[in-house]
Amino acid sequence: MFKRERLLEIIFLGTGTSHGVPPLDCVINDYALCPKDVCRKSLNDPRHRRTRTSILVKKNGKTLLADVSSDFREQALRHGIKEIDAVIISHGHIDHFGGLPDIRSYTWRKPLTVYASSETLANVRCVFSYMFDSGVECGGGIPHLRMKELKDTSEIAGFTVKPIPVTHGKLKGCLGFRIDDTAYVPDVKHIDPENEKLLEGLDCLVLNCLRENPGHSTHLFLSESVSLARRLAPKRCYFIHMNHEIDYIADGKELDSWMEFSYDGLIIKV
Ligand SMILES: [Zn+2]
Ligand SMILES: [Zn+2]
Ligand SMILES: [Zn+2]
């Protein structure tokens, strides 16, 4: 008899901030300004190299893609992604949906539904208007995408997905997602107390940690990310969306035992 799987498999497709690591500035300046030499180390250790943030969640043969990063094509090739059953997009910054044109290949056999806030859907339609307008010539054809607002907890491809409103600068409609008992919160500065409650009792928290130094207005930095994680007290926590100020080996030694910096290609079961 077929045994239904309770555990989620999470593939960290990308773990970097919007510039990726190395940022092109470090390449242009021969790594002279790189704060911890992480970018030079990335030449020999691919775990220091970060593509733009996205995770793939799998359970019972179903696959949910959280964000379609600007590096989606490379990530899909690296992991041999053959099927995607649904897509959720956290917010309307291009590093989180810039790979959408390459998702078209996954829409020919059956339509693919993309879930996001109404504000994010409007942003996506604005940036990639040609993908939704049959009156415009779209190289390769109009993808079979269904764009659907995610307002409340929904069953999506066999996962229970709860949208978590978060504050990320002045951009409207930014969300984190609770996917069964794992949460994906890629870009965030603040979560209102009533929404923090939606993140209690997690098996796994995947959380924004931009950099070590304080002073960023739209992203949590290291000490803020650690404080929020401790407050939410999941069983495990993986940090994502990091820039080159985070050395996952050296800085990782300072974290609590149940916390880790993720890296591209990391696969876990929770
Ligand atoms: Zn981002
Ligand atoms: Zn650097
Ligand atoms: Zn963002």
# chains A, B, ... in the order shown; residues from 1 in each chain; ligands from 1
>>> residues_around(residues="Phe261 in chain A", least_positions_apart="5", cutoff="7 Å", atoms="only C-alpha atoms", output="compact mmCIF listing (two decimals) with C-alpha atoms, in the first residue's frame")
# COMPACT_ATOMS: atom_id res chain seq x y z
CA TYR A 238 18.22 27.87 8.09
CA PHE A 239 19.24 31.38 7.08
CA ILE A 240 18.94 32.52 3.45
CA TYR A 248 28.90 30.15 6.33
CA GLY A 252 28.22 29.40 11.37
>>> residues_near_ligand(ligand="ligand 3", cutoff="9 Å", atoms="only C-alpha atoms and all ligand atoms", output="list in words")
Thr17, Ser18, Ser90, His91, Gly92, His93, Ile94, Asp95, His96, His168, Gly169, Leu171, Cys174, Pro186, Asp187, Val188, Thr218 and His219 of chain A
>>> write_last_selection(atoms="N, CA and C atoms", output="PDB file, in the first residue's frame")
ATOM      1  N   THR A  17      21.536  37.108  -1.701  1.00  0.00           N
ATOM      2  CA  THR A  17      20.776  38.343  -1.788  1.00  0.00           C
ATOM      3  C   THR A  17      20.623  38.768  -3.253  1.00  0.00           C
ATOM      4  N   SER A  18      20.006  39.924  -3.485  1.00  0.00           N
ATOM      5  CA  SER A  18      19.619  40.295  -4.852  1.00  0.00           C
ATOM      6  C   SER A  18      20.814  40.441  -5.786  1.00  0.00           C
ATOM      7  N   SER A  90       6.996  35.382  -3.291  1.00  0.00           N
ATOM      8  CA  SER A  90       6.936  36.086  -2.004  1.00  0.00           C
ATOM      9  C   SER A  90       6.632  37.568  -2.155  1.00  0.00           C
ATOM     10  N   HIS A  91       7.223  38.209  -3.167  1.00  0.00           N
ATOM     11  CA  HIS A  91       7.001  39.646  -3.314  1.00  0.00           C
ATOM     12  C   HIS A  91       7.511  40.121  -4.671  1.00  0.00           C
ATOM     13  N   GLY A  92       7.275  41.403  -4.936  1.00  0.00           N
ATOM     14  CA  GLY A  92       7.481  41.914  -6.288  1.00  0.00           C
ATOM     15  C   GLY A  92       8.855  42.481  -6.579  1.00  0.00           C
ATOM     16  N   HIS A  93       9.912  41.971  -5.956  1.00  0.00           N
ATOM     17  CA  HIS A  93      11.280  42.354  -6.336  1.00  0.00           C
ATOM     18  C   HIS A  93      11.812  41.328  -7.335  1.00  0.00           C
ATOM     19  N   ILE A  94      12.534  41.830  -8.313  1.00  0.00           N
ATOM     20  CA  ILE A  94      12.870  41.023  -9.483  1.00  0.00           C
ATOM     21  C   ILE A  94      13.716  39.798  -9.138  1.00  0.00           C
ATOM     22  N   ASP A  95      14.531  39.868  -8.058  1.00  0.00           N
ATOM     23  CA  ASP A  95      15.334  38.679  -7.732  1.00  0.00           C
ATOM     24  C   ASP A  95      14.453  37.480  -7.363  1.00  0.00           C
ATOM     25  N   HIS A  96      13.152  37.732  -7.072  1.00  0.00           N
ATOM     26  CA  HIS A  96      12.255  36.646  -6.655  1.00  0.00           C
ATOM     27  C   HIS A  96      11.311  36.183  -7.749  1.00  0.00           C
ATOM     28  N   HIS A 168       8.731  44.712   4.430  1.00  0.00           N
ATOM     29  CA  HIS A 168      10.028  44.662   3.730  1.00  0.00           C
ATOM     30  C   HIS A 168      10.165  46.009   3.017  1.00  0.00           C
ATOM     31  N   GLY A 169      10.545  47.051   3.800  1.00  0.00           N
ATOM     32  CA  GLY A 169      10.554  48.400   3.246  1.00  0.00           C
ATOM     33  C   GLY A 169       9.142  48.859   2.926  1.00  0.00           C
ATOM     34  N   LEU A 171       7.557  48.370   0.031  1.00  0.00           N
ATOM     35  CA  LEU A 171       6.885  47.559  -0.987  1.00  0.00           C
ATOM     36  C   LEU A 171       5.643  46.892  -0.386  1.00  0.00           C
ATOM     37  N   CYS A 174       4.070  42.092   0.529  1.00  0.00           N
ATOM     38  CA  CYS A 174       5.180  41.148   0.746  1.00  0.00           C
ATOM     39  C   CYS A 174       4.718  40.013   1.673  1.00  0.00           C
ATOM     40  N   PRO A 186      11.745  34.974   3.023  1.00  0.00           N
ATOM     41  CA  PRO A 186      13.015  35.374   2.403  1.00  0.00           C
ATOM     42  C   PRO A 186      13.417  36.834   2.593  1.00  0.00           C
ATOM     43  N   ASP A 187      12.485  37.758   2.485  1.00  0.00           N
ATOM     44  CA  ASP A 187      12.837  39.182   2.574  1.00  0.00           C
ATOM     45  C   ASP A 187      11.935  39.832   3.607  1.00  0.00           C
ATOM     46  N   VAL A 188      12.524  40.271   4.711  1.00  0.00           N
ATOM     47  CA  VAL A 188      11.693  40.792   5.802  1.00  0.00           C
ATOM     48  C   VAL A 188      12.527  41.693   6.705  1.00  0.00           C
ATOM     49  N   THR A 218      15.582  47.455   5.089  1.00  0.00           N
ATOM     50  CA  THR A 218      14.512  46.587   4.571  1.00  0.00           C
ATOM     51  C   THR A 218      14.750  45.090   4.819  1.00  0.00           C
ATOM     52  N   HIS A 219      15.919  44.749   5.352  1.00  0.00           N
ATOM     53  CA  HIS A 219      16.230  43.329   5.618  1.00  0.00           C
ATOM     54  C   HIS A 219      16.719  43.145   7.050  1.00  0.00           C
TER      55      HIS A 219
END
>>> closest_residue(among="A:Asp256, A:Glu119, A:Glu194, A:Asp247", to="Ser42 in chain A", atoms="only C-alpha atoms")
A:Asp247
>>> select_by_dssp(residues="range 140-215 of chain A", states="strand (DSSP E or B)", output="short mmCIF file (atom, residue, chain, number, x, y, z; two decimals) with C-alpha atoms, in the first residue's frame")
data_model
loop_
_atom_site.label_atom_id
_atom_site.label_comp_id
_atom_site.auth_asym_id
_atom_site.auth_seq_id
_atom_site.Cartn_x
_atom_site.Cartn_y
_atom_site.Cartn_z
CA LEU A 145 0.19 30.31 -16.51
CA ARG A 146 -2.71 30.92 -14.15
CA MET A 147 -2.11 33.85 -11.84
CA LYS A 148 -4.02 33.53 -8.57
CA GLU A 149 -4.17 35.76 -5.54
CA SER A 154 -4.94 27.15 0.79
CA GLU A 155 -4.27 23.57 -0.26
CA ILE A 156 -1.75 23.88 -3.08
CA PHE A 159 0.78 21.33 0.66
CA THR A 160 -1.05 23.52 3.17
CA VAL A 161 0.17 27.04 2.38
CA LYS A 162 -0.54 29.96 4.69
CA PRO A 163 0.47 33.47 3.55
CA ILE A 164 2.29 35.46 6.26
CA PRO A 165 2.21 39.25 5.72
CA THR A 167 7.16 44.27 6.20
CA LEU A 175 4.63 37.63 2.07
CA GLY A 176 6.38 34.81 3.80
CA PHE A 177 4.77 31.37 3.56
CA ARG A 178 4.05 28.63 6.05
CA ILE A 179 4.17 25.41 4.02
CA THR A 182 7.98 24.76 7.49
CA ALA A 183 8.13 28.51 6.87
CA TYR A 184 9.90 30.36 4.05
CA VAL A 185 10.44 34.04 4.87
CA HIS A 190 9.51 43.25 10.60
CA CYS A 204 11.75 24.39 10.24
CA LEU A 205 12.15 28.12 9.66
CA VAL A 206 13.90 29.38 6.50
CA LEU A 207 14.64 33.02 7.27
CA ASN A 208 16.22 36.13 5.78
#
>>> closest_atom_pairs(of="chain A", to="ligand 2", cutoff="9 Å", atoms="only C-alpha atoms and all ligand atoms", output="tab-separated table")
residue	atom	partner	partner_atom_place_in_ligand_line	distance
A:Val21	CA	ligand 2	1 (Zn)	6.8
A:Pro22	CA	ligand 2	1 (Zn)	5.3
A:Pro23	CA	ligand 2	1 (Zn)	6.2
A:Leu24	CA	ligand 2	1 (Zn)	8.4
A:Asp25	CA	ligand 2	1 (Zn)	7.5
A:Cys26	CA	ligand 2	1 (Zn)	4.8
A:Val27	CA	ligand 2	1 (Zn)	7.7
A:Tyr31	CA	ligand 2	1 (Zn)	6.0
A:Ala32	CA	ligand 2	1 (Zn)	8.3
A:Leu33	CA	ligand 2	1 (Zn)	6.8
A:Cys34	CA	ligand 2	1 (Zn)	3.8
A:Pro35	CA	ligand 2	1 (Zn)	6.5
A:Lys36	CA	ligand 2	1 (Zn)	7.3
A:Asp37	CA	ligand 2	1 (Zn)	6.2
A:Val38	CA	ligand 2	1 (Zn)	5.9
A:Cys39	CA	ligand 2	1 (Zn)	4.3
A:Arg40	CA	ligand 2	1 (Zn)	7.2
A:Asn243	CA	ligand 2	1 (Zn)	8.0
A:His244	CA	ligand 2	1 (Zn)	5.0
A:Glu245	CA	ligand 2	1 (Zn)	7.5
>>> write_last_selection(atoms="N, CA and C atoms", output="PDB file, in the first residue's frame")
ATOM      1  N   VAL A  21      26.203  36.247  -4.801  1.00  0.00           N
ATOM      2  CA  VAL A  21      27.576  36.207  -4.268  1.00  0.00           C
ATOM      3  C   VAL A  21      28.414  35.307  -5.165  1.00  0.00           C
ATOM      4  N   PRO A  22      29.521  35.795  -5.732  1.00  0.00           N
ATOM      5  CA  PRO A  22      30.045  37.157  -5.580  1.00  0.00           C
ATOM      6  C   PRO A  22      29.174  38.198  -6.294  1.00  0.00           C
ATOM      7  N   PRO A  23      29.029  39.389  -5.692  1.00  0.00           N
ATOM      8  CA  PRO A  23      28.425  40.481  -6.461  1.00  0.00           C
ATOM      9  C   PRO A  23      29.412  40.908  -7.546  1.00  0.00           C
ATOM     10  N   LEU A  24      28.903  41.423  -8.637  1.00  0.00           N
ATOM     11  CA  LEU A  24      29.800  41.802  -9.736  1.00  0.00           C
ATOM     12  C   LEU A  24      30.806  42.863  -9.295  1.00  0.00           C
ATOM     13  N   ASP A  25      30.431  43.679  -8.276  1.00  0.00           N
ATOM     14  CA  ASP A  25      31.377  44.703  -7.799  1.00  0.00           C
ATOM     15  C   ASP A  25      32.674  44.074  -7.296  1.00  0.00           C
ATOM     16  N   CYS A  26      32.551  42.926  -6.634  1.00  0.00           N
ATOM     17  CA  CYS A  26      33.761  42.265  -6.129  1.00  0.00           C
ATOM     18  C   CYS A  26      34.617  41.748  -7.278  1.00  0.00           C
ATOM     19  N   VAL A  27      33.974  41.260  -8.326  1.00  0.00           N
ATOM     20  CA  VAL A  27      34.728  40.777  -9.491  1.00  0.00           C
ATOM     21  C   VAL A  27      35.443  41.953 -10.158  1.00  0.00           C
ATOM     22  N   TYR A  31      38.210  41.642  -6.041  1.00  0.00           N
ATOM     23  CA  TYR A  31      37.919  41.171  -4.680  1.00  0.00           C
ATOM     24  C   TYR A  31      38.604  42.019  -3.592  1.00  0.00           C
ATOM     25  N   ALA A  32      39.165  43.164  -3.965  1.00  0.00           N
ATOM     26  CA  ALA A  32      39.921  43.971  -2.994  1.00  0.00           C
ATOM     27  C   ALA A  32      39.021  44.516  -1.891  1.00  0.00           C
ATOM     28  N   LEU A  33      37.748  44.761  -2.174  1.00  0.00           N
ATOM     29  CA  LEU A  33      36.853  45.363  -1.189  1.00  0.00           C
ATOM     30  C   LEU A  33      35.959  44.339  -0.491  1.00  0.00           C
ATOM     31  N   CYS A  34      36.183  43.088  -0.775  1.00  0.00           N
ATOM     32  CA  CYS A  34      35.322  42.046  -0.192  1.00  0.00           C
ATOM     33  C   CYS A  34      35.614  41.943   1.311  1.00  0.00           C
ATOM     34  N   PRO A  35      34.583  42.078   2.170  1.00  0.00           N
ATOM     35  CA  PRO A  35      34.848  42.212   3.615  1.00  0.00           C
ATOM     36  C   PRO A  35      35.476  40.989   4.267  1.00  0.00           C
ATOM     37  N   LYS A  36      35.134  39.785   3.811  1.00  0.00           N
ATOM     38  CA  LYS A  36      35.668  38.587   4.489  1.00  0.00           C
ATOM     39  C   LYS A  36      36.314  37.625   3.512  1.00  0.00           C
ATOM     40  N   ASP A  37      36.561  38.076   2.328  1.00  0.00           N
ATOM     41  CA  ASP A  37      37.176  37.225   1.303  1.00  0.00           C
ATOM     42  C   ASP A  37      36.282  36.051   0.883  1.00  0.00           C
ATOM     43  N   VAL A  38      35.000  36.162   1.213  1.00  0.00           N
ATOM     44  CA  VAL A  38      34.058  35.095   0.851  1.00  0.00           C
ATOM     45  C   VAL A  38      34.000  34.920  -0.668  1.00  0.00           C
ATOM     46  N   CYS A  39      34.067  36.032  -1.399  1.00  0.00           N
ATOM     47  CA  CYS A  39      33.916  35.945  -2.855  1.00  0.00           C
ATOM     48  C   CYS A  39      35.107  35.217  -3.492  1.00  0.00           C
ATOM     49  N   ARG A  40      36.305  35.502  -2.986  1.00  0.00           N
ATOM     50  CA  ARG A  40      37.472  34.787  -3.523  1.00  0.00           C
ATOM     51  C   ARG A  40      37.395  33.298  -3.148  1.00  0.00           C
ATOM     52  N   ASN A 243      24.381  38.084   1.877  1.00  0.00           N
ATOM     53  CA  ASN A 243      25.378  38.694   0.999  1.00  0.00           C
ATOM     54  C   ASN A 243      26.776  38.190   1.372  1.00  0.00           C
ATOM     55  N   HIS A 244      27.810  38.864   0.884  1.00  0.00           N
ATOM     56  CA  HIS A 244      29.170  38.342   1.077  1.00  0.00           C
ATOM     57  C   HIS A 244      29.758  38.685   2.449  1.00  0.00           C
ATOM     58  N   GLU A 245      28.944  39.255   3.350  1.00  0.00           N
ATOM     59  CA  GLU A 245      29.427  39.474   4.722  1.00  0.00           C
ATOM     60  C   GLU A 245      29.242  38.237   5.592  1.00  0.00           C
TER      61      GLU A 245
END
